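Notes for the one structure printed next.
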Amino acid sequence: MELKIGVVAKSKAGRDKHRFFIVTAIDGRYAYLCDGKIHPLKRPKKKNVKHLSLTADTIPAGTFQTDKQIRKALFPYNYGKRAQTSYEEGNVCPNKMLSK
C-alpha cells in the first residue's frame, strides 16, 4: 500500500498503539496523523512511517474537514466491528465496553 493523504493507518508503536488515524500530511519519512479527538486537525501527531500499518481504505480529502467528520469516519476502526476483530486476535481493545 502507498502512503498518501487520506489513508487510514494503524499505529504499531508508542502510547497510541493499535489506534487508527487519518494521514493528513506527509513530510519525508514522517506522516502527520489526526483522529479528531486526542489529535485534532489543528494539532496533528507527527509519526515515523515505519511505526504505521497502512490499511487499504482511503477517505477522500473533502470528507475530513472537521474533527467531528474524522471521528465519524474512524469510528468503525477504533470502536466498531473492526476493533472487535482486532481485539479477538489478541490486540488491545481501545474501548473498555468491548472487553471480555
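Residues are referred to by chain and number: the chain letter is A, B, ... according to the order shown in the C-alpha cells, the number counts from 1 in that chain, and ligands are numbered separately from 1 in the order shown.
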
I want to know what sits within 12 Å of range 60-62 of chain A, based on only C-alpha atoms, with residues of the same chain fewer than 6 positions away left out; could you give that as a CSV table (one decimal) with C-alpha atoms, in the first residue's frame?
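out.csv, written as the output of this step:
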chain,number,residue,atom,x,y,z
A,4,LYS,CA,-0.8,9.2,0.7
A,5,ILE,CA,-3.1,11.8,2.2
A,6,GLY,CA,-6.5,10.3,3.3
A,7,VAL,CA,-5.2,6.8,4.0
A,8,VAL,CA,-6.4,5.2,7.3
A,22,ILE,CA,-6.1,9.5,9.0
A,23,VAL,CA,-3.0,10.7,7.3
A,24,THR,CA,-3.4,14.5,6.7
A,25,ALA,CA,0.2,15.3,5.6
A,69,GLN,CA,-16.1,14.2,10.5
A,70,ILE,CA,-12.8,12.5,11.3
A,73,ALA,CA,-15.1,8.2,9.7

Can you check which residues of range 4-88 of chain A DSSP gives as strand (DSSP E or B) on the backbone and send them as a ChimeraX atom specification? /A:7-11,20-27,30-34,45-48,52-58

For Ala13 in chain A, work out the shell of residues within 9 Å, counting only C-alpha atoms and skipping chain neighbours fewer than 3 positions away, then give it as a PDB file with N, CA and C atoms, in the first residue's frame.
ATOM      1  N   ASP A  16       0.000   5.395  21.575  1.00  0.00           N
ATOM      2  CA  ASP A  16      -1.230   5.304  20.790  1.00  0.00           C
ATOM      3  C   ASP A  16      -1.305   4.007  19.993  1.00  0.00           C
ATOM      4  N   LYS A  17      -0.582   2.998  20.416  1.00  0.00           N
ATOM      5  CA  LYS A  17      -0.523   1.704  19.730  1.00  0.00           C
ATOM      6  C   LYS A  17      -1.932   1.124  19.556  1.00  0.00           C
ATOM      7  N   HIS A  18      -2.186   0.574  18.371  1.00  0.00           N
ATOM      8  CA  HIS A  18      -3.458  -0.061  18.000  1.00  0.00           C
ATOM      9  C   HIS A  18      -4.588   0.933  17.763  1.00  0.00           C
ATOM     10  N   HIS A  51       6.450   3.168  11.919  1.00  0.00           N
ATOM     11  CA  HIS A  51       5.602   2.807  13.049  1.00  0.00           C
ATOM     12  C   HIS A  51       4.122   2.777  12.680  1.00  0.00           C
ATOM     13  N   LEU A  52       3.828   2.784  11.381  1.00  0.00           N
ATOM     14  CA  LEU A  52       2.450   2.765  10.898  1.00  0.00           C
ATOM     15  C   LEU A  52       2.180   1.505  10.087  1.00  0.00           C
TER      16      LEU A  52
END

In Å, rounded to a single decimal, give me how far CA of Gly36 in chain A is from CA of Ala56 in chain A. 20.3 Å

Shell around Val49 in chain A at 12 Å using only C-alpha atoms, local window under 3 positions removed, as a PDB file with C-alpha atoms, in the first residue's frame:
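And here's out19.pdb as it stands now:
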ATOM      1  CA  GLU A   2       1.080   3.502  -0.705  1.00  0.00           C
ATOM      2  CA  LEU A   3       1.303   6.278   1.852  1.00  0.00           C
ATOM      3  CA  LYS A   4      -0.815   9.212   0.705  1.00  0.00           C
ATOM      4  CA  ALA A   9      -3.370   3.997   9.210  1.00  0.00           C
ATOM      5  CA  LYS A  10      -2.959   1.972  12.395  1.00  0.00           C
ATOM      6  CA  SER A  11      -0.235   2.847  14.883  1.00  0.00           C
ATOM      7  CA  LYS A  12       2.161  -0.044  15.602  1.00  0.00           C
ATOM      8  CA  ALA A  13       4.223   1.621  18.343  1.00  0.00           C
ATOM      9  CA  VAL A  23      -2.965  10.705   7.280  1.00  0.00           C
ATOM     10  CA  ALA A  25       0.177  15.345   5.553  1.00  0.00           C
ATOM     11  CA  ILE A  26       3.459  13.678   4.613  1.00  0.00           C
ATOM     12  CA  ASP A  27       6.926  15.094   5.232  1.00  0.00           C
ATOM     13  CA  GLY A  28       9.729  12.782   4.134  1.00  0.00           C
ATOM     14  CA  ARG A  29       9.785   9.799   6.491  1.00  0.00           C
ATOM     15  CA  TYR A  30       7.137  11.307   8.778  1.00  0.00           C
ATOM     16  CA  ALA A  31       3.363  11.359   8.476  1.00  0.00           C
ATOM     17  CA  TYR A  32       1.026  13.745  10.252  1.00  0.00           C
ATOM     18  CA  LEU A  33      -1.992  11.936  11.704  1.00  0.00           C
ATOM     19  CA  LYS A  45       0.585  13.854  15.535  1.00  0.00           C
ATOM     20  CA  LYS A  46       3.951  13.545  13.825  1.00  0.00           C
ATOM     21  CA  LEU A  52       2.450   2.765  10.898  1.00  0.00           C
ATOM     22  CA  SER A  53       0.476  -0.057   9.385  1.00  0.00           C
ATOM     23  CA  LEU A  54      -1.465   1.201   6.370  1.00  0.00           C
TER      24      LEU A  54
END

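Using only C-alpha atoms, the smallest distance between any of A:Ile59, A:Phe21, A:Asp67, A:Tyr77 and Lys42 in chain A comes from A:Asp67.
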
Restricting to only C-alpha atoms, whichever of A:Cys34, A:Thr66, A:Arg15, A:Phe20 is closest to Tyr79 in chain A is A:Phe20
